[in-house]
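Shown next: my_file-v1.csv, given as CSV, C-alpha atoms and all ligand atoms.
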```csv
chain,number,residue,atom,x,y,z
A,1386,MET,CA,31.4,23.2,82.1
A,1387,PRO,CA,28.2,23.0,84.2
A,1388,LYS,CA,25.9,22.8,81.1
A,1389,ALA,CA,26.7,21.6,77.6
A,1390,MET,CA,28.1,24.1,75.2
A,1391,ARG,CA,29.0,24.2,71.5
A,1392,ASP,CA,31.6,21.7,70.4
A,1393,VAL,CA,34.0,24.5,69.4
A,1394,VAL,CA,34.3,25.4,73.1
A,1395,LEU,CA,35.2,21.8,74.1
A,1396,ARG,CA,37.7,21.5,71.2
A,1397,GLY,CA,39.4,24.7,72.4
A,1398,LEU,CA,39.7,23.4,76.0
A,1399,GLU,CA,40.1,19.6,76.1
A,1400,ASP,CA,43.7,19.4,75.0
A,1401,ARG,CA,44.9,21.9,77.6
A,1402,PHE,CA,42.7,21.4,80.6
A,1403,THR,CA,40.8,18.7,82.4
A,1404,VAL,CA,37.2,19.5,81.5
A,1405,HIS,CA,34.5,18.3,83.8
A,1406,LYS,CA,31.1,17.8,82.3
A,1407,PRO,CA,28.7,17.1,85.3
A,1408,TYR,CA,25.7,17.4,82.9
A,1409,GLU,CA,26.7,14.0,81.5
A,1410,SER,CA,26.2,12.4,84.9
A,1411,ALA,CA,23.0,10.9,86.2
A,1412,ASP,CA,23.2,13.3,89.2
A,1413,PRO,CA,24.8,16.5,87.9
A,1414,GLN,CA,24.7,18.3,91.2
A,1415,ALA,CA,26.5,15.4,93.0
A,1416,ALA,CA,29.1,15.3,90.1
A,1417,MET,CA,29.6,19.0,90.5
A,1418,ASN,CA,30.0,18.7,94.3
A,1419,ALA,CA,32.6,16.0,93.8
A,1420,ILE,CA,34.9,18.2,91.7
A,1421,ALA,CA,34.0,21.8,92.9
A,1422,GLY,CA,37.0,22.2,95.1
A,1423,SER,CA,39.4,21.7,92.2
A,1424,VAL,CA,37.6,23.9,89.7
A,1425,ARG,CA,39.7,26.9,88.6
A,1426,GLY,CA,37.8,28.0,85.6
A,1427,LEU,CA,34.1,27.9,84.4
A,1428,ALA,CA,32.7,28.0,80.9
A,1429,VAL,CA,29.1,29.1,81.1
A,1430,SER,CA,26.2,30.0,78.7
A,1431,GLY,CA,23.2,31.8,80.2
A,1432,LEU,CA,23.7,30.1,83.5
A,1433,LYS,CA,22.8,32.1,86.6
A,1434,VAL,CA,26.1,32.8,88.4
A,1435,ASP,CA,25.5,34.5,91.7
A,1436,GLY,CA,27.2,34.6,95.1
A,1437,ALA,CA,25.7,31.3,96.3
A,1438,PHE,CA,26.8,29.6,93.1
A,1439,LEU,CA,30.3,31.0,93.4
A,1440,ASP,CA,30.6,29.8,97.0
A,1441,GLN,CA,30.7,26.2,95.7
A,1442,PHE,CA,34.1,26.9,94.1
A,1443,PRO,CA,36.8,28.0,96.6
A,1444,ASN,CA,39.6,28.0,94.0
A,1445,LEU,CA,37.7,29.6,91.1
A,1446,GLU,CA,39.7,32.2,89.2
A,1447,ILE,CA,37.7,32.9,86.0
A,1448,VAL,CA,34.1,32.7,84.7
A,1449,SER,CA,34.2,32.7,80.9
A,1450,SER,CA,30.7,33.6,79.7
A,1451,PHE,CA,29.2,32.9,76.3
A,1452,GLY,CA,27.5,36.1,74.8
A,1453,VAL,CA,28.2,39.8,75.1
A,1454,GLY,CA,25.4,40.4,77.6
A,1455,TYR,CA,26.3,38.9,81.0
A,1456,ASP,CA,23.3,39.9,83.1
A,1457,ASN,CA,23.2,36.2,84.1
A,1458,VAL,CA,26.6,36.6,85.9
A,1459,ASP,CA,26.8,38.7,89.1
A,1460,ALA,CA,30.1,40.4,88.0
A,1461,ALA,CA,30.2,42.6,91.2
A,1462,ALA,CA,30.1,39.4,93.3
A,1463,CYS,CA,32.9,37.9,91.2
A,1464,ALA,CA,35.0,41.1,91.5
A,1465,ALA,CA,34.5,41.1,95.3
A,1466,ARG,CA,36.0,37.6,95.3
A,1467,GLY,CA,38.8,38.5,92.9
A,1468,ILE,CA,37.3,36.3,90.1
A,1469,MET,CA,37.7,37.4,86.5
A,1470,VAL,CA,34.7,37.5,84.3
A,1471,SER,CA,35.0,37.5,80.5
A,1472,ASN,CA,32.3,37.8,77.7
A,1473,THR,CA,32.3,37.5,73.9
A,1474,PRO,CA,32.0,41.1,72.4
A,1475,ASP,CA,32.7,42.3,68.9
A,1476,VAL,CA,32.6,38.8,67.1
A,1477,LEU,CA,28.7,39.0,67.1
A,1478,THR,CA,28.3,42.8,66.5
A,1479,ASP,CA,27.6,42.7,62.7
A,1480,GLU,CA,25.3,39.6,62.9
A,1481,VAL,CA,23.1,41.2,65.6
A,1482,ALA,CA,23.0,44.6,63.8
A,1483,ASP,CA,21.9,42.8,60.6
A,1484,THR,CA,19.2,41.0,62.5
A,1485,ALA,CA,18.1,44.3,64.1
A,1486,ILE,CA,17.7,46.0,60.7
A,1487,GLY,CA,15.9,43.0,59.3
A,1488,LEU,CA,13.5,43.0,62.3
A,1489,LEU,CA,12.9,46.7,61.8
A,1490,ILE,CA,11.9,46.3,58.1
A,1491,MET,CA,9.9,43.2,58.9
A,1492,THR,CA,7.9,45.2,61.4
A,1493,VAL,CA,7.4,48.4,59.5
A,1494,ARG,CA,6.5,46.7,56.2
A,1495,GLU,CA,4.6,43.7,57.8
A,1496,LEU,CA,6.7,41.2,55.9
A,1497,PRO,CA,5.9,38.1,58.0
A,1498,ALA,CA,2.1,38.8,57.6
A,1499,ALA,CA,2.5,39.4,53.8
A,1500,GLU,CA,4.4,36.1,53.5
A,1501,ARG,CA,1.7,34.3,55.4
A,1502,TRP,CA,-0.9,35.9,53.0
A,1503,LEU,CA,0.9,34.3,50.0
A,1504,ARG,CA,1.4,30.9,51.7
A,1505,GLU,CA,-2.3,30.8,52.8
A,1506,GLY,CA,-3.4,31.2,49.2
A,1507,LYS,CA,-4.9,34.6,49.8
A,1508,TRP,CA,-2.9,36.4,47.0
A,1509,ALA,CA,-4.6,34.2,44.4
A,1510,GLY,CA,-7.9,33.9,46.3
A,1511,GLN,CA,-8.5,37.5,47.7
A,1512,GLY,CA,-6.0,39.7,45.8
A,1513,ALA,CA,-3.0,41.8,46.9
A,1514,TYR,CA,-1.9,42.1,50.5
A,1515,PRO,CA,-3.2,45.4,52.0
A,1516,LEU,CA,-0.9,48.4,51.7
A,1517,THR,CA,1.2,48.9,54.8
A,1518,ARG,CA,0.2,52.0,56.8
A,1519,ALA,CA,3.8,52.5,57.9
A,1520,THR,CA,7.0,53.0,55.8
A,1521,LEU,CA,10.7,53.1,56.6
A,1522,LYS,CA,11.1,56.2,54.6
A,1523,GLY,CA,11.5,59.4,56.6
A,1524,ARG,CA,11.8,57.6,59.9
A,1525,THR,CA,13.9,58.9,62.8
A,1526,LEU,CA,15.6,56.2,64.8
A,1527,GLY,CA,16.3,56.6,68.5
A,1528,ILE,CA,18.9,54.1,69.7
A,1529,VAL,CA,18.9,53.2,73.4
A,1530,GLY,CA,22.5,52.0,74.0
A,1531,LEU,CA,24.8,53.3,71.3
A,1532,GLY,CA,27.6,50.8,72.1
A,1533,ARG,CA,29.3,48.3,69.7
A,1534,ILE,CA,26.0,46.9,68.3
A,1535,GLY,CA,24.2,50.2,68.6
A,1536,LYS,CA,26.8,51.9,66.4
A,1537,ALA,CA,26.7,49.1,63.8
A,1538,ILE,CA,22.9,49.5,63.7
A,1539,ALA,CA,23.3,53.3,63.3
A,1540,ALA,CA,25.7,52.9,60.4
A,1541,ARG,CA,23.2,50.6,58.6
A,1542,ALA,CA,20.3,52.9,59.4
A,1543,GLU,CA,22.1,55.8,57.9
A,1544,ALA,CA,22.6,53.8,54.7
A,1545,PHE,CA,18.8,53.3,54.6
A,1546,GLY,CA,18.4,57.1,54.9
A,1547,LEU,CA,17.2,57.2,58.5
A,1548,THR,CA,18.0,60.0,60.9
A,1549,VAL,CA,19.7,58.7,64.0
A,1550,HIS,CA,19.4,59.9,67.6
A,1551,TYR,CA,20.6,58.1,70.8
A,1552,HIS,CA,20.2,57.8,74.5
A,1553,GLY,CA,22.6,56.3,77.0
A,1554,ARG,CA,23.9,57.3,80.4
A,1555,ASN,CA,26.7,59.4,78.7
A,1556,LYS,CA,27.0,61.7,75.8
A,1557,GLN,CA,29.7,60.4,73.5
A,1558,GLN,CA,32.3,63.0,72.3
A,1559,ASP,CA,33.2,61.2,69.1
A,1560,VAL,CA,29.6,60.8,67.8
A,1561,ALA,CA,27.7,63.5,65.9
A,1562,TYR,CA,24.2,62.0,66.4
A,1563,PRO,CA,21.9,64.1,68.6
A,1564,TYR,CA,22.1,62.9,72.2
A,1565,HIS,CA,19.2,62.8,74.6
A,1566,ALA,CA,19.9,62.8,78.3
A,1567,THR,CA,16.5,61.3,79.0
A,1568,LEU,CA,14.7,58.4,77.3
A,1569,LYS,CA,11.4,60.3,77.6
A,1570,GLY,CA,12.9,63.2,75.7
A,1571,MET,CA,14.2,60.9,72.9
A,1572,ALA,CA,10.9,59.0,72.7
A,1573,GLU,CA,9.1,62.4,72.1
A,1574,ALA,CA,11.6,63.4,69.4
A,1575,VAL,CA,11.7,60.1,67.3
A,1576,ASP,CA,9.1,57.7,65.8
A,1577,THR,CA,11.2,54.6,66.1
A,1578,LEU,CA,13.0,53.2,69.1
A,1579,MET,CA,15.8,50.6,68.9
A,1580,LEU,CA,16.7,49.0,72.2
A,1581,VAL,CA,20.2,47.6,72.4
A,1582,ALA,CA,21.2,48.3,76.0
A,1583,PRO,CA,22.2,45.6,78.4
A,1584,GLY,CA,19.8,43.8,80.8
A,1585,GLY,CA,20.0,43.8,84.6
A,1586,GLU,CA,18.4,45.8,87.4
A,1587,GLU,CA,19.6,49.2,86.1
A,1588,THR,CA,17.7,48.9,82.8
A,1589,ARG,CA,14.7,47.0,84.1
A,1590,HIS,CA,11.5,48.3,82.6
A,1591,LEU,CA,13.2,51.4,81.2
A,1592,VAL,CA,10.5,51.3,78.5
A,1593,ASN,CA,7.2,51.6,80.4
A,1594,ALA,CA,3.7,53.0,79.6
A,1595,GLY,CA,4.9,56.6,79.7
A,1596,ILE,CA,7.7,56.0,77.2
A,1597,LEU,CA,5.4,54.2,74.8
A,1598,ALA,CA,2.8,57.0,75.0
A,1599,ALA,CA,5.6,59.5,74.3
A,1600,LEU,CA,6.6,57.4,71.2
A,1601,GLY,CA,3.1,57.8,69.9
A,1602,PRO,CA,0.7,56.3,67.4
A,1603,GLN,CA,3.2,56.2,64.5
A,1604,GLY,CA,5.7,54.7,66.8
A,1605,VAL,CA,7.6,51.4,66.2
A,1606,LEU,CA,9.6,49.7,69.0
A,1607,ILE,CA,12.4,47.2,68.2
A,1608,ASN,CA,14.0,45.3,71.0
A,1609,ILE,CA,17.2,43.4,70.1
A,1610,GLY,CA,18.8,44.0,73.6
A,1611,ARG,CA,17.2,42.3,76.6
A,1612,GLY,CA,13.6,41.5,77.3
A,1613,THR,CA,13.7,42.9,80.8
A,1614,VAL,CA,14.3,46.4,79.4
A,1615,VAL,CA,10.6,46.6,78.4
A,1616,ASP,CA,7.6,46.3,80.7
A,1617,GLU,CA,5.9,43.6,78.5
A,1618,ALA,CA,2.4,44.1,80.0
A,1619,ALA,CA,2.6,47.8,79.2
A,1620,LEU,CA,3.8,47.0,75.7
A,1621,ILE,CA,0.9,44.6,75.1
A,1622,ASP,CA,-1.5,47.3,76.3
A,1623,ALA,CA,0.1,49.9,74.0
A,1624,LEU,CA,0.0,47.6,71.0
A,1625,SER,CA,-3.6,46.5,71.5
A,1626,LYS,CA,-4.9,50.1,72.0
A,1627,GLY,CA,-2.9,51.7,69.1
A,1628,ILE,CA,-0.8,53.8,71.5
A,1629,ILE,CA,2.1,52.7,69.3
A,1630,HIS,CA,1.9,51.4,65.7
A,1631,GLY,CA,3.9,48.2,66.1
A,1632,ALA,CA,6.8,46.3,67.7
A,1633,GLY,CA,9.5,43.9,66.6
A,1634,LEU,CA,11.0,41.8,69.4
A,1635,ASP,CA,13.9,39.4,69.5
A,1636,VAL,CA,14.0,39.2,73.3
A,1637,PHE,CA,11.4,38.7,76.0
A,1638,GLU,CA,11.0,39.1,79.8
A,1639,ASN,CA,10.7,35.4,80.6
A,1640,GLU,CA,12.3,33.5,77.7
A,1641,PRO,CA,11.4,31.1,76.2
A,1642,ASN,CA,7.9,31.9,77.4
A,1643,VAL,CA,6.1,34.5,75.4
A,1644,PRO,CA,2.7,35.7,76.6
A,1645,ALA,CA,-0.2,34.5,74.6
A,1646,ALA,CA,-1.5,38.0,74.5
A,1647,LEU,CA,1.6,39.2,72.7
A,1648,ILE,CA,1.5,36.2,70.2
A,1649,ALA,CA,-2.1,37.1,69.4
A,1650,LEU,CA,-1.3,40.7,68.4
A,1651,PRO,CA,-1.1,41.3,64.6
A,1652,ASN,CA,1.1,44.4,65.0
A,1653,ALA,CA,3.9,42.5,66.8
A,1654,VAL,CA,6.7,40.6,64.9
A,1655,LEU,CA,8.3,38.1,67.3
A,1656,LEU,CA,11.6,36.3,66.8
A,1657,PRO,CA,13.0,33.6,69.2
A,1658,HIS,CA,16.2,35.4,70.3
A,1659,VAL,CA,18.1,34.8,67.1
A,1660,GLY,CA,20.1,38.0,67.0
A,1661,SER,CA,23.5,36.2,66.8
A,1662,ALA,CA,22.2,32.8,65.9
A,1663,SER,CA,24.2,31.7,62.8
A,1664,VAL,CA,26.7,28.8,62.9
A,1665,ALA,CA,29.6,31.1,62.0
A,1666,THR,CA,28.9,33.7,64.7
A,1667,ARG,CA,28.0,31.3,67.5
A,1668,ASP,CA,31.3,29.3,66.7
A,1669,ALA,CA,33.3,32.6,66.9
A,1670,MET,CA,31.6,33.3,70.2
A,1671,GLY,CA,32.4,29.8,71.5
A,1672,GLN,CA,36.0,30.1,70.3
A,1673,LEU,CA,36.3,33.3,72.4
A,1674,VAL,CA,35.0,31.5,75.5
A,1675,ALA,CA,37.8,29.0,75.1
A,1676,ASP,CA,40.4,31.7,74.2
A,1677,ASN,CA,39.6,33.6,77.3
A,1678,LEU,CA,40.3,30.6,79.5
A,1679,VAL,CA,43.5,29.6,77.7
A,1680,SER,CA,44.8,33.2,77.8
A,1681,TRP,CA,44.0,33.6,81.5
A,1682,PHE,CA,45.9,30.4,82.5
A,1683,GLU,CA,48.8,31.0,80.1
A,1684,THR,CA,49.3,34.8,80.4
A,1685,GLY,CA,47.3,35.9,83.5
A,1686,LYS,CA,45.1,38.1,81.3
A,1687,ALA,CA,41.7,37.5,79.8
A,1688,VAL,CA,41.2,38.5,76.1
A,1689,THR,CA,37.9,40.2,76.7
A,1690,PRO,CA,37.3,41.0,80.4
A,1691,VAL,CA,34.1,42.7,81.4
A,1692,ALA,CA,34.3,46.2,82.9
A,1693,GLU,CA,33.6,45.2,86.5
A,1694,THR,CA,36.6,42.8,86.6
A,1695,ALA,CA,39.0,44.5,84.1
A,1696,GLY,CA,41.5,45.4,86.9
A,1697,ILE,CA,41.7,41.8,88.3
A,1698,THR,CA,45.0,40.0,87.8
A,1699,ARG,CA,45.9,36.3,88.5
A,1700,ARG,CA,47.0,35.7,92.1
A,1701,SER,CA,49.3,32.8,91.3
B,1,LIG,P1,28.1,47.7,74.7
B,1,LIG,O1,29.1,48.0,73.6
B,1,LIG,O2,28.6,47.6,76.1
B,1,LIG,O3,27.0,48.8,74.6
B,1,LIG,C1,26.0,48.9,75.5
B,1,LIG,C2,25.4,50.4,75.5
B,1,LIG,O4,24.3,50.5,76.4
B,1,LIG,C3,26.4,51.4,75.8
B,1,LIG,O5,26.4,52.4,74.8
B,1,LIG,C4,25.9,52.1,77.1
B,1,LIG,O6,26.1,53.5,77.0
B,1,LIG,C5,24.4,51.7,77.1
B,1,LIG,N1,23.9,51.6,78.4
B,1,LIG,C6,24.4,50.8,79.4
B,1,LIG,N2,23.6,51.0,80.5
B,1,LIG,C7,22.6,51.8,80.2
B,1,LIG,C8,21.5,52.4,80.9
B,1,LIG,N3,21.2,52.1,82.2
B,1,LIG,N4,20.6,53.2,80.2
B,1,LIG,C9,20.9,53.5,78.9
B,1,LIG,N5,21.9,53.0,78.2
B,1,LIG,C10,22.7,52.2,78.8
B,1,LIG,O7,27.4,46.3,74.4
B,1,LIG,P2,27.0,45.7,72.9
B,1,LIG,O8,28.1,44.8,72.5
B,1,LIG,O9,26.6,46.8,72.0
B,1,LIG,O10,25.8,44.8,73.4
B,1,LIG,C11,24.6,45.5,73.9
B,1,LIG,C12,23.6,44.5,74.4
B,1,LIG,O11,22.9,43.8,73.3
B,1,LIG,C13,24.1,43.3,75.2
B,1,LIG,O12,24.3,43.7,76.6
B,1,LIG,C14,23.0,42.3,75.1
B,1,LIG,O13,22.1,42.4,76.2
B,1,LIG,C15,22.3,42.6,73.8
B,1,LIG,N6,22.6,41.5,72.8
B,1,LIG,C16,21.5,40.9,72.3
B,1,LIG,C17,21.7,39.9,71.3
B,1,LIG,C18,20.5,39.1,70.7
B,1,LIG,O14,20.7,38.0,70.3
B,1,LIG,N7,19.3,39.7,70.7
B,1,LIG,C19,22.9,39.5,70.9
B,1,LIG,C20,24.0,40.3,71.4
B,1,LIG,C21,23.8,41.3,72.4
B,1,LIG,P3,26.4,54.3,78.4
B,1,LIG,O15,27.5,53.6,79.1
B,1,LIG,O16,26.7,55.7,77.9
B,1,LIG,O17,25.1,54.3,79.1
```
So that I can check it, write out the structure of this file as structure tokens.
Amino acid sequence: MPKAMRDVVLRGLEDRFTVHKPYESADPQAAMNAIAGSVRGLAVSGLKVDGAFLDQFPNLEIVSSFGVGYDNVDAAACAARGIMVSNTPDVLTDEVADTAIGLLIMTVRELPAAERWLREGKWAGQGAYPLTRATLKGRTLGIVGLGRIGKAIAARAEAFGLTVHYHGRNKQQDVAYPYHATLKGMAEAVDTLMLVAPGGEETRHLVNAGILAALGPQGVLINIGRGTVVDEAALIDALSKGIIHGAGLDVFENEPNVPAALIALPNAVLLPHVGSASVATRDAMGQLVADNLVSWFETGKAVTPVAETAGITRRS
């Protein structure tokens, strides 16, 4: 365990494995170097795992990663070395979908600013908070990445009376929502974009100035997926010039650093990456990190392998 993780992960591992915690040492890299040759499994959270990192561990069999997004792990490099990669899907889906809908309503109805109005004494001093120019009613929601979380968001959005469209690399046969082969086409057809696609090079800056212009002045952008999917400089420009109406963001390009220009914008609602951040859900994710390691070494199969390494089996 190169970096400290939730107690539930340690509890799931310590009675079955020798768990090395180099982060407890005064010189973590030296502690890591001393044990690297014997390491067969890694439990990681947000740690950058690339080819050079993997080269330290000649006997590594599995990287068990905390979180459903694993853009921090070079899964192709792991696959090339015959190393299994697992993530923690499903157990966080409802929590993240709830957060996404909360963030959407906060943004459209300006709830954080309205709450500040009360706390700052303006309700009693100046009167009612100004009426919001936007409403959730009648909105058309375009989901970018209609996967596990995207579908859970779609179900909630339908209950709120929204019309749902989606964009992804593939049209899904078992889904009736209108499909858009291009993001530009969808941005022109909807007034609300919900980003819930993975990070990584393939989705980098998918949402750029052209997409924001296509979304238009009534447009609301919500990003619950990964910060790298949005060109943040283009978004700041679009928000400050009224090219779109507002944005709600749970994720950022360079976390935990959020540009001052974004923080200064009144039409942006900003959350510190809390999509899955309840004790219950983070514990369920931690348990799955441990379960993947236990299953791999007991049965030769991971519980939740990522797509790139799904075909890998244990060598010994
Ligand atoms: P998932 O089931 O794998 O769904 C991902 C969806 O994205 C799929 O429908 C996929 O459809 C689409 N997609 C993949 N590449 C794409 C591309 N290049 N362009 C457009 N669409 C693309 O994953 P999930 O469990 O729903 O999680 C989705 C993401 O949410 C994670 O990867 C993570 O980054 C993010 N997340 C954020 C938080 C948070 O705290 N804010 C928490 C959990 C997850 P196609 O294959 O058809 O393209």
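With atom CA of Arg1425 of chain A on one side and atom CA of Leu1445 of chain A on the other, the separation reads 4.2 Å.
Neighbours of Asp1668 of chain A closer than or equal to 10 Å, with all atoms listed in the file counted and sequence neighbours fewer than 4 positions away skipped, come out as Arg1391, Asp1392, Val1393, Val1394, Val1476, Ala1662, Ser1663, Val1664, Gln1672, Leu1673 and Val1674 of chain A.
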Surrounding residues of Val1493 of chain A excluding itself and chain neighbours under 6 positions, 7 Å, only C-alpha atoms, as a compact mmCIF listing (two decimals) with C-alpha atoms, in the frame of the given file:
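Final output, part_17.txt:
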```txt
# COMPACT_ATOMS: atom_id res chain seq x y z
CA ALA A 1519 3.80 52.50 57.90
CA THR A 1520 7.00 53.00 55.80
CA LEU A 1521 10.70 53.10 56.60
```
List the neighbours of Lys1406 of chain A out to 8 Å using all atoms listed in the file; skip same-chain residues closer than 3 positions along the sequence, and give me the result as an mmCIF file with C-alpha atoms, in the coordinates of the input.
```
data_model
loop_
_atom_site.group_PDB
_atom_site.id
_atom_site.type_symbol
_atom_site.label_atom_id
_atom_site.label_comp_id
_atom_site.auth_asym_id
_atom_site.auth_seq_id
_atom_site.Cartn_x
_atom_site.Cartn_y
_atom_site.Cartn_z
ATOM 1 C CA MET A 1386 31.400 23.200 82.100
ATOM 2 C CA PRO A 1387 28.200 23.000 84.200
ATOM 3 C CA LYS A 1388 25.900 22.800 81.100
ATOM 4 C CA ALA A 1389 26.700 21.600 77.600
ATOM 5 C CA GLU A 1409 26.700 14.000 81.500
ATOM 6 C CA SER A 1410 26.200 12.400 84.900
#
```
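Going from atom O4 of ligand LIG 1 (chain B) over to atom CA of His1590 of chain A, you cover 14.4 Å.
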Separation of atom CA of Ala1618 of chain A and atom CA of Arg1501 of chain A, in Å?
26.5 Å
Please identify every polymer residue within 7 Å of ligand LIG 1 (chain B), using all atoms listed in the file, and present the set as a count of residues only.
37
Any idea what's packed within 7 Å of Leu1427 of chain A, counting only C-alpha atoms, ignoring anything in its chain fewer than 6 positions away? Could you give it as a PyMOL selection string?
chain A and resi 1386+1447-1449
Around (49.3, 41.6, 81.8) in the file's own coordinates, what residues are found within 12 Å if you use only C-alpha atoms, given back as a PDB file with C-alpha atoms, in the coordinates of the input?
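Here's the written file part34.pdb:
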```pdb
ATOM      1  CA  SER A1680      44.800  33.200  77.800  1.00  0.00           C
ATOM      2  CA  TRP A1681      44.000  33.600  81.500  1.00  0.00           C
ATOM      3  CA  PHE A1682      45.900  30.400  82.500  1.00  0.00           C
ATOM      4  CA  GLU A1683      48.800  31.000  80.100  1.00  0.00           C
ATOM      5  CA  THR A1684      49.300  34.800  80.400  1.00  0.00           C
ATOM      6  CA  GLY A1685      47.300  35.900  83.500  1.00  0.00           C
ATOM      7  CA  LYS A1686      45.100  38.100  81.300  1.00  0.00           C
ATOM      8  CA  ALA A1687      41.700  37.500  79.800  1.00  0.00           C
ATOM      9  CA  VAL A1688      41.200  38.500  76.100  1.00  0.00           C
ATOM     10  CA  ALA A1695      39.000  44.500  84.100  1.00  0.00           C
ATOM     11  CA  GLY A1696      41.500  45.400  86.900  1.00  0.00           C
ATOM     12  CA  ILE A1697      41.700  41.800  88.300  1.00  0.00           C
ATOM     13  CA  THR A1698      45.000  40.000  87.800  1.00  0.00           C
ATOM     14  CA  ARG A1699      45.900  36.300  88.500  1.00  0.00           C
TER      15      ARG A1699
END
```
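Minimum atom-to-atom distances from A:Gly1527, A:Pro1641, A:Gly1671, A:Gly1397 to Leu1606 of chain A were compared using all atoms listed in the file, and the lowest value belongs to A:Gly1527.
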Select, counting only C-alpha atoms, all protein, DNA and RNA residues no farther than 8 Å from (19.4, 39.7, 89.0) in file coordinates, and express the selection as number ranges by chain.
A: 1456-1457, 1459, 1585-1586
Any idea what's packed within 12 Å of Thr1492 of chain A, counting only C-alpha atoms, ignoring anything in its chain fewer than 2 positions away? Could you give it as a PDB file with C-alpha atoms, in the frame of the given file?
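Final file, around.pdb:
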```pdb
ATOM      1  CA  ALA A1485      18.100  44.300  64.100  1.00  0.00           C
ATOM      2  CA  ILE A1486      17.700  46.000  60.700  1.00  0.00           C
ATOM      3  CA  GLY A1487      15.900  43.000  59.300  1.00  0.00           C
ATOM      4  CA  LEU A1488      13.500  43.000  62.300  1.00  0.00           C
ATOM      5  CA  LEU A1489      12.900  46.700  61.800  1.00  0.00           C
ATOM      6  CA  ILE A1490      11.900  46.300  58.100  1.00  0.00           C
ATOM      7  CA  ARG A1494       6.500  46.700  56.200  1.00  0.00           C
ATOM      8  CA  GLU A1495       4.600  43.700  57.800  1.00  0.00           C
ATOM      9  CA  LEU A1496       6.700  41.200  55.900  1.00  0.00           C
ATOM     10  CA  PRO A1497       5.900  38.100  58.000  1.00  0.00           C
ATOM     11  CA  ALA A1498       2.100  38.800  57.600  1.00  0.00           C
ATOM     12  CA  ALA A1499       2.500  39.400  53.800  1.00  0.00           C
ATOM     13  CA  THR A1517       1.200  48.900  54.800  1.00  0.00           C
ATOM     14  CA  ARG A1518       0.200  52.000  56.800  1.00  0.00           C
ATOM     15  CA  ALA A1519       3.800  52.500  57.900  1.00  0.00           C
ATOM     16  CA  THR A1520       7.000  53.000  55.800  1.00  0.00           C
ATOM     17  CA  LEU A1521      10.700  53.100  56.600  1.00  0.00           C
ATOM     18  CA  THR A1577      11.200  54.600  66.100  1.00  0.00           C
ATOM     19  CA  GLY A1604       5.700  54.700  66.800  1.00  0.00           C
ATOM     20  CA  VAL A1605       7.600  51.400  66.200  1.00  0.00           C
ATOM     21  CA  LEU A1606       9.600  49.700  69.000  1.00  0.00           C
ATOM     22  CA  ILE A1607      12.400  47.200  68.200  1.00  0.00           C
ATOM     23  CA  ASN A1608      14.000  45.300  71.000  1.00  0.00           C
ATOM     24  CA  HIS A1630       1.900  51.400  65.700  1.00  0.00           C
ATOM     25  CA  GLY A1631       3.900  48.200  66.100  1.00  0.00           C
ATOM     26  CA  ALA A1632       6.800  46.300  67.700  1.00  0.00           C
ATOM     27  CA  GLY A1633       9.500  43.900  66.600  1.00  0.00           C
ATOM     28  CA  LEU A1634      11.000  41.800  69.400  1.00  0.00           C
ATOM     29  CA  ASP A1635      13.900  39.400  69.500  1.00  0.00           C
ATOM     30  CA  PRO A1651      -1.100  41.300  64.600  1.00  0.00           C
ATOM     31  CA  ASN A1652       1.100  44.400  65.000  1.00  0.00           C
ATOM     32  CA  ALA A1653       3.900  42.500  66.800  1.00  0.00           C
ATOM     33  CA  VAL A1654       6.700  40.600  64.900  1.00  0.00           C
ATOM     34  CA  LEU A1655       8.300  38.100  67.300  1.00  0.00           C
ATOM     35  CA  LEU A1656      11.600  36.300  66.800  1.00  0.00           C
TER      36      LEU A1656
END
```
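Among the candidates A:Glu1500, A:Asp1576, A:Asp1479, A:Asp1676, the residue lying nearest to Thr1548 of chain A is A:Asp1576 (atoms considered: only C-alpha atoms).
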